[in-house]
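Okay, work10.txt is below, compact mmCIF, C-alpha atoms:
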# COMPACT_ATOMS: atom_id res chain seq x y z
CA MET Y 1353 27.45 48.61 23.82
CA ASN Y 1354 24.06 50.36 24.03
CA ASN Y 1355 22.43 47.23 22.57
CA THR Y 1356 23.37 45.24 25.67
CA ILE Y 1357 20.58 47.02 27.58
CA GLU Y 1358 17.09 46.09 26.48
CA ASN Y 1359 14.62 48.95 25.99
CA ARG Y 1360 17.35 51.48 26.64
CA GLN Y 1361 15.44 54.50 25.36
CA GLU Y 1362 12.36 53.54 27.34
CA LEU Y 1363 14.46 53.23 30.49
CA VAL Y 1364 16.14 56.57 29.90
CA GLN Y 1365 12.76 58.25 29.42
CA LYS Y 1366 11.41 56.52 32.53
CA TYR Y 1367 14.25 57.89 34.65
CA ARG Y 1368 13.92 61.38 33.15
CA ILE Y 1369 10.35 61.41 34.45
CA LEU Y 1370 11.42 59.97 37.81
CA ALA Y 1371 14.08 62.67 38.18
CA GLN Y 1372 11.40 65.35 37.92
CA ASN Y 1373 9.47 63.88 40.87
CA PHE Y 1374 12.34 62.21 42.69
CA ALA Y 1375 11.14 62.39 46.29
CA LEU Y 1376 7.58 61.32 45.46
CA GLU Y 1377 8.65 58.41 43.24
CA MET Y 1378 11.37 57.14 45.56
CA ALA Y 1379 8.97 57.05 48.51
CA LYS Y 1380 7.09 54.27 46.70
CA LYS Y 1381 10.16 52.02 46.48
CA SER Y 1382 11.59 49.46 48.89
CA LEU Y 1383 15.32 49.38 49.59
CA PRO Y 1384 15.90 46.39 47.25
CA GLU Y 1385 14.09 48.31 44.51
CA VAL Y 1386 16.24 51.38 45.14
CA LYS Y 1387 19.38 49.23 44.88
CA GLU Y 1388 18.11 47.76 41.61
CA GLN Y 1389 17.47 51.26 40.29
CA ALA Y 1390 21.04 52.24 41.14
CA SER Y 1391 22.37 49.22 39.22
CA VAL Y 1392 20.31 50.08 36.12
CA LEU Y 1393 21.31 53.75 36.24
CA LEU Y 1394 24.97 52.77 36.47
CA LEU Y 1395 24.64 50.55 33.37
CA LEU Y 1396 22.85 53.32 31.50
CA ALA Y 1397 25.47 55.91 32.48
CA ASP Y 1398 28.41 53.68 31.58
CA SER Y 1399 26.93 52.81 28.20
CA ALA Y 1400 25.85 56.35 27.29
CA GLU Y 1401 27.74 58.22 24.58
CA VAL Y 1402 26.39 61.76 24.86
CA ARG Y 1403 28.13 63.83 27.52
CA ALA Y 1404 24.96 65.56 28.73
CA GLU Y 1405 23.18 62.22 29.14
CA ILE Y 1406 26.14 60.75 31.02
CA ALA Y 1407 26.11 63.75 33.37
CA TRP Y 1408 22.43 63.63 34.36
CA LEU Y 1409 22.42 59.85 34.66
CA ASN Y 1410 25.41 59.98 37.02
CA GLU Y 1411 23.73 62.78 38.97
CA LEU Y 1412 20.57 60.68 39.35
CA LEU Y 1413 22.71 57.68 40.29
CA GLU Y 1414 24.35 59.70 43.06
CA LYS Y 1415 20.98 60.87 44.35
CA THR Y 1416 19.71 57.28 44.32
CA VAL Y 1417 22.71 55.99 46.28
CA ASN Y 1418 22.35 58.83 48.79
CA TYR Y 1419 18.63 58.11 49.12
CA TYR Y 1420 19.37 54.45 49.86
CA THR Y 1421 21.85 55.48 52.56
CA SER Y 1422 19.37 57.91 54.10
CA GLU Y 1423 16.56 55.33 54.19
CA ALA Y 1424 18.86 52.58 55.49
CA ARG Y 1425 19.99 54.93 58.25
CA LEU Y 1426 16.39 55.70 59.21
CA GLU Y 1427 15.59 51.99 59.27
CA CYS Y 1428 18.55 51.47 61.61
CA TYR Y 1429 17.39 54.34 63.84
CA ARG Y 1430 13.85 52.96 64.02
CA THR Y 1431 15.19 49.55 65.02
CA ALA Y 1432 17.43 51.12 67.67
CA SER Y 1433 14.55 53.17 69.10
CA GLU Y 1434 12.52 50.00 69.65
CA THR Y 1435 15.21 48.32 71.77
CA SER Y 1436 15.46 48.61 75.54
CA ASP Y 1437 18.77 50.50 75.26
CA PRO Y 1438 19.39 52.29 71.93
CA MET Y 1439 22.86 53.44 73.03
CA LYS Y 1440 24.10 49.91 73.63
CA TYR Y 1441 22.39 48.73 70.44
CA ALA Y 1442 24.15 51.41 68.40
CA CYS Y 1443 27.56 50.75 69.97
CA LEU Y 1444 27.31 46.99 69.48
CA THR Y 1445 25.76 47.08 66.00
CA TYR Y 1446 28.29 49.81 65.11
CA THR Y 1447 27.31 50.13 61.43
CA PHE Y 1448 24.36 49.82 59.08
CA LYS Y 1449 24.38 48.41 55.54
CA SER Y 1450 24.29 50.75 52.57
CA ILE Y 1451 25.44 50.80 48.94
CA ARG Y 1452 28.11 52.67 47.00
CA VAL Y 1453 29.55 52.92 43.52
CA LYS Y 1454 32.70 50.80 43.57
CA GLU Y 1455 35.42 51.46 41.01
CA THR Y 1456 38.12 48.96 40.02
CA ARG Y 1457 40.61 48.92 37.18
CA ASP Y 1458 40.79 46.06 34.70
CA LYS Y 1459 44.26 44.50 34.95
CA VAL Y 1460 44.45 43.91 31.19
CA THR Y 1461 42.68 46.85 29.53
CA ARG Y 1462 43.23 49.30 32.43
CA ASP Y 1463 39.64 50.45 31.92
CA THR Y 1464 37.68 51.62 34.96
CA ILE Y 1465 34.92 49.19 35.90
CA ARG Y 1466 32.04 50.38 38.08
CA GLU Y 1467 29.55 48.35 40.06
CA ILE Y 1468 27.04 48.82 42.88
CA ALA Y 1469 28.54 47.28 46.01
CA GLN Y 1470 27.36 46.89 49.58
CA CYS Y 1471 29.19 48.89 52.24
CA ASP Y 1472 29.07 49.64 55.95
CA LYS Y 1473 28.25 53.11 57.29
CA ASP Y 1474 29.00 54.09 60.87
CA ILE Y 1475 26.09 54.75 63.19
CA ASP Y 1476 26.43 58.37 64.35
CA LEU Y 1477 25.58 58.44 68.07
CA LEU Y 1478 24.98 62.19 68.13
CA ASP Y 1479 22.64 62.00 65.15
CA LEU Y 1480 20.79 59.01 66.57
CA HIS Y 1481 20.45 60.80 69.91
CA GLN Y 1482 18.89 63.85 68.23
CA TRP Y 1483 16.65 61.75 65.95
CA ILE Y 1484 15.13 59.82 68.85
CA LYS Y 1485 14.53 63.06 70.76
CA GLU Y 1486 12.76 64.63 67.78
CA HIS Y 1487 10.85 61.66 66.35
CA LYS Y 1488 10.09 59.53 69.39
CA ASN Y 1489 9.43 62.26 71.95
CA ALA Y 1490 12.03 60.57 74.10
CA ARG Y 1491 14.99 61.72 76.16
CA GLY Y 1492 17.44 60.51 73.55
CA ILE Y 1493 19.93 57.71 74.11
CA GLY Y 1494 22.37 56.90 76.88
CA ALA Y 1495 22.11 56.26 80.60
CA ASP Y 1496 22.20 60.03 81.11
CA PRO Y 1497 20.89 62.09 78.16
CA THR Y 1498 23.34 64.91 78.96
CA TRP Y 1499 26.26 62.77 77.73
CA PRO Y 1500 26.77 64.79 74.48
CA ARG Y 1501 27.42 67.97 76.51
CA ALA Y 1502 29.74 66.08 78.86
CA ALA Y 1503 31.63 64.56 75.91
CA ALA Y 1504 32.02 67.98 74.26
CA GLY Y 1505 33.35 69.46 77.49
CA PHE Y 1506 35.73 66.54 77.99
CA ASN Y 1507 36.99 66.94 74.43
CA ALA Y 1508 37.64 70.65 75.03
CA ALA Y 1509 39.54 69.90 78.25
CA LEU Y 1510 41.69 67.24 76.57
CA THR Y 1511 42.38 69.50 73.61
CA ARG Y 1512 43.47 72.32 75.90
CA SER Y 1513 45.73 69.89 77.77
CA ASN Y 1514 47.32 68.77 74.49
CA ALA Y 1515 47.85 72.38 73.45
CA VAL Y 1516 49.77 72.96 76.69
CA ALA Y 1517 51.75 69.74 76.14
CA ILE Y 1518 53.04 70.87 72.71
CA GLY Y 1519 53.77 74.41 73.90
CA ASP Y 1520 50.87 76.17 72.16
CA THR Y 1521 49.93 78.45 75.05
CA GLU Y 1522 47.88 80.77 72.84
CA THR Y 1523 45.41 78.03 71.86
CA ALA Y 1524 45.32 76.81 75.48
CA LYS Y 1525 44.31 80.31 76.61
CA ARG Y 1526 41.53 80.44 74.02
CA PHE Y 1527 40.07 77.22 75.43
CA CYS Y 1528 39.98 78.85 78.87
CA ASP Y 1529 37.78 81.61 77.45
CA LEU Y 1530 34.52 79.81 76.73
CA SER Y 1531 32.63 82.90 75.54
CA GLN Y 1532 32.63 81.30 72.07
CA TYR Y 1533 30.31 78.62 73.45
CA ARG Y 1534 27.87 80.89 75.24
CA LYS Y 1535 25.35 80.80 72.39
CA THR Y 1536 25.00 77.05 72.55
CA ASN Y 1537 23.85 74.51 75.08
CA GLU Y 1538 25.94 71.75 73.56
CA ILE Y 1539 28.88 71.82 75.95
CA ASP Y 1540 29.34 71.22 79.66
CA PHE Y 1541 31.34 74.29 80.75
CA GLU Y 1542 32.47 72.75 84.02
CA ALA Y 1543 33.87 69.74 82.18
CA ALA Y 1544 35.51 71.99 79.58
CA LEU Y 1545 37.36 73.91 82.28
CA GLY Y 1546 38.35 70.73 84.11
CA ASP Y 1547 41.56 68.76 83.83
CA GLY Y 1548 40.27 66.25 81.27
CA ASP Y 1549 41.53 63.55 83.59
CA TRP Y 1550 40.61 59.94 84.33
CA ASP Y 1551 37.63 60.84 86.51
CA ALA Y 1552 36.17 62.96 83.73
CA PHE Y 1553 36.65 60.07 81.29
CA VAL Y 1554 34.88 57.62 83.60
CA SER Y 1555 32.05 60.10 84.09
CA VAL Y 1556 31.41 60.37 80.33
CA ILE Y 1557 31.41 56.57 79.89
CA HIS Y 1558 28.99 56.23 82.82
CA LYS Y 1559 26.67 58.79 81.24
CA MET Y 1560 26.77 56.86 77.97
CA LEU Y 1561 26.49 53.26 79.21
CA GLY Y 1562 25.63 53.32 82.90
CA ASP Y 1563 27.54 53.23 86.18
CA GLU Y 1564 28.13 49.48 85.99
CA PHE Y 1565 30.37 49.83 82.94
CA GLU Y 1566 33.97 50.77 83.64
CA PRO Y 1567 36.71 51.76 81.18
CA ASN Y 1568 40.26 50.51 81.74
CA ASN Y 1569 43.74 51.93 81.24
CA GLU Y 1570 43.89 50.65 77.67
CA ASP Y 1571 40.74 52.61 76.85
CA TRP Y 1572 42.28 55.74 78.32
CA ARG Y 1573 45.57 55.32 76.45
CA THR Y 1574 43.79 54.51 73.19
CA LEU Y 1575 41.70 57.67 73.45
CA THR Y 1576 44.45 60.07 74.49
CA ARG Y 1577 47.07 58.75 72.05
CA THR Y 1578 44.77 59.06 69.05
CA LEU Y 1579 43.25 62.40 70.01
CA ILE Y 1580 45.60 64.49 67.87
CA SER Y 1581 47.40 63.83 64.60
CA LEU Y 1582 49.79 65.70 62.33
CA LYS Y 1583 47.92 67.89 59.88
CA LYS Y 1584 48.75 67.21 56.25
CA LYS Y 1585 50.22 70.07 54.17
CA ALA Y 1586 50.72 72.23 57.27
CA ARG Y 1587 54.11 72.63 58.91
CA ASN Y 1588 54.43 72.10 62.66
CA THR Y 1589 50.68 71.73 63.09
CA VAL Y 1590 48.70 69.01 64.84
CA LYS Y 1591 44.95 68.63 64.51
CA SER Y 1592 42.57 67.69 67.30
CA LYS Y 1593 39.29 65.83 66.89
CA ASN Y 1594 36.02 67.70 66.44
CA ASN Y 1595 33.13 66.59 68.63
CA GLU Y 1596 31.71 64.23 65.98
CA SER Y 1597 35.05 62.41 65.60
CA PHE Y 1598 35.57 62.43 69.36
CA VAL Y 1599 32.20 60.77 69.97
CA ALA Y 1600 33.05 58.21 67.26
CA ALA Y 1601 36.20 57.38 69.25
CA LEU Y 1602 34.11 57.06 72.41
CA LYS Y 1603 31.74 54.70 70.57
CA ASP Y 1604 34.70 52.47 69.74
CA ILE Y 1605 35.65 52.42 73.41
CA CYS Y 1606 32.06 51.62 74.40
CA TYR Y 1607 32.12 48.70 71.95
CA ARG Y 1608 35.31 47.41 73.57
CA ILE Y 1609 33.74 47.68 77.04
CA LEU Y 1610 30.45 46.04 76.05
CA THR Y 1611 32.18 43.12 74.32
CA ASP Y 1612 34.99 42.84 76.88
CA GLY Y 1613 37.37 42.83 73.94
CA HIS Y 1614 40.92 43.98 73.32
CA TYR Y 1615 42.58 46.51 71.04
CA THR Y 1616 44.89 45.51 68.22
CA LEU Y 1617 47.47 47.61 66.42
CA GLU Y 1618 47.81 47.56 62.65
CA SER Y 1619 51.09 48.68 61.12
CA ASP Y 1620 52.42 48.80 57.57
CA LEU Y 1621 55.82 47.97 59.06
CA LEU Y 1622 54.58 44.45 59.80
CA LYS Y 1623 52.97 43.78 56.43
CA LYS Y 1624 54.78 41.52 53.98
As structure tokens, how would this structure be written, given the file I've shared?
Amino acid sequence: MNNTIENRQELVQKYRILAQNFALEMAKKSLPEVKEQASVLLLLADSAEVRAEIAWLNELLEKTVNYYTSEARLECYRTASETSDPMKYACLTYTFKSIRVKETRDKVTRDTIREIAQCDKDIDLLDLHQWIKEHKNARGIGADPTWPRAAAGFNAALTRSNAVAIGDTETAKRFCDLSQYRKTNEIDFEAALGDGDWDAFVSVIHKMLGDEFEPNNEDWRTLTRTLISLKKKARNTVKSKNNESFVAALKDICYRILTDGHYTLESDLLKK
């Protein structure tokens, strides 16, 4: 199988040298070249016979894929920062293109087959907000740059409300004591101690998109009904969303508002 790759030993030696100066060498490559490198490394790893060689080739392959994702994300952020409204751009674009190692199983031999495949990665609004603040000397993204603090406070208020709803008064009390947040400026305390009601929801959307964009009842129900889920391998326990997941849910709602779309429900019960 090794003979199927021309100049195998030369390629292996080339990538050993590259691995020693990874950051410097990768900075010279375009994204298509990085993708090509990932494809070659995958072929080399899958055709290798020595365990140690397989290990370091797969490690370098992982670093290459992660580097591609990092650079593709930065390219997306740069593009967003050059638009008139990076928040709307990010919500509408929703994802950026990256690569991954895709594994499938041969139906006849049952062998695992690997290939480099294109994939979509979600645009992280919080990360984009911080990147633009740090790299563009700008206020961040959103109609009101304080939206991350408002969203965090709203999430805390909704979580406390859900704790009360399921009878977990102890957790609800802990959310009333915000001393745990005093060391950070990442949460709006007034919002956190509020009711987490419709007005608070509208306020967060306005801070993200602008006062002319209004959520509807379906947005509200979609958010509140997906806010908590049963925790796997834990009896009688539900899990709430952290702030990153909560903002991701808000991004989905912003996309619905900006496109004037509708929600759909997917269920295994309806699949043939």
Find, counting only C-alpha atoms, the residue in Y:Ile1357, Y:Arg1403, Y:Pro1567, Y:Trp1408 that gets nearest to Gln1372 in chain Y.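 Residue with the minimum atom-to-atom distance to Gln1372 in chain Y: Y:Trp1408.
Take CA of Asn1568 in chain Y and CA of Ala1502 in chain Y: the distance between them is 19.0 Å.
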Polymer residues at most 10 Å from (15.2, 53.1, 72.8) by all atoms listed in the file, as number ranges by chain: Y: 1429-1441, 1481, 1484, 1488, 1490-1494
What is the CA of Thr1421 in chain Y-CA of Lys1454 in chain Y distance in Å, reported with one decimal?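 CA of Lys1454 in chain Y lies 14.8 Å from CA of Thr1421 in chain Y.
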Leaving out range 1605-1614 of chain Y and any residue of its chain fewer than 2 positions from it, which residues lie within 9 Å of it when counting only C-alpha atoms, given as number ranges by chain? Y: 1440, 1443-1446, 1557, 1560-1561, 1565-1568, 1570-1572, 1574-1575, 1600-1603, 1616
Where does range 1551-1589 of chain Y meet range 1515-1528 of chain Y within 12 Å, residue by residue, with the nearest atom pair and distance in Å to one decimal for each, counting all atoms listed in the file, listed by chain and rising number, as a Markdown table?
| residue | atom | partner | partner_atom | distance |
| --- | --- | --- | --- | --- |
| Y:Leu1579 | CA | Y:Ala1515 | CA | 11.5 |
| Y:Ile1580 | CA | Y:Ala1515 | CA | 9.9 |
| Y:Asn1588 | CA | Y:Ile1518 | CA | 10.2 |
| Y:Thr1589 | CA | Y:Ile1518 | CA | 9.9 |
Arg1360 in chain Y surroundings by all atoms listed in the file, 10 Å radius, close-in-sequence under 6 positions cut, as a ChimeraX atom specification: /Y:1354,1366,1395-1396,1399-1400
Please determine, counting all atoms listed in the file, which residue among Y:Asp1540, Y:Glu1405, Y:Glu1564, Y:Glu1427 has the shortest atom-to-atom distance to Trp1483 in chain Y. Y:Glu1427
d(CA of Gln1365 in chain Y, CA of Val1386 in chain Y) in Å: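 One can read the CA of Gln1365 in chain Y to CA of Val1386 in chain Y distance as 17.5 Å.
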Taking (27.7, 51.6, 45.1) in the coordinates of the supplied file, I want to know which residues reach to within 6 Å of it, counting all atoms listed in the file; could you give the answer as an MDAnalysis selection string? chainID Y and resid 1451:1454 1468:1469
With 4 Å added on each side, what axis-aligned box encloses every listed atom of range 1601-1609 of chain Y? Give the centre and edge lengths in Å to one decimal, as AutoDock Vina command-line options.
--center_x 34.0 --center_y 52.4 --center_z 73.1 --size_x 12.5 --size_y 18.0 --size_z 15.8
From Y:Asp1479, Y:Glu1401, Y:Phe1553, Y:Val1417, residue lying nearest Asn1569 in chain Y [all atoms listed in the file]: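 Between Y:Asp1479, Y:Glu1401, Y:Phe1553, Y:Val1417, the residue approaching Asn1569 in chain Y most closely is Y:Phe1553.
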Considering only C-alpha atoms, return as a PyMOL selection string whatever protein or nucleic-acid residues lie within 12 Å of Leu1582 in chain Y, sequence-local ones (same chain, fewer than 5 positions apart) excluded. chain Y and resi 1587-1593
Out of Y:His1487, Y:Arg1466, Y:Lys1381, Y:Lys1459, which residue has the shortest atom-to-atom distance to Leu1426 in chain Y when counting only C-alpha atoms? Y:His1487
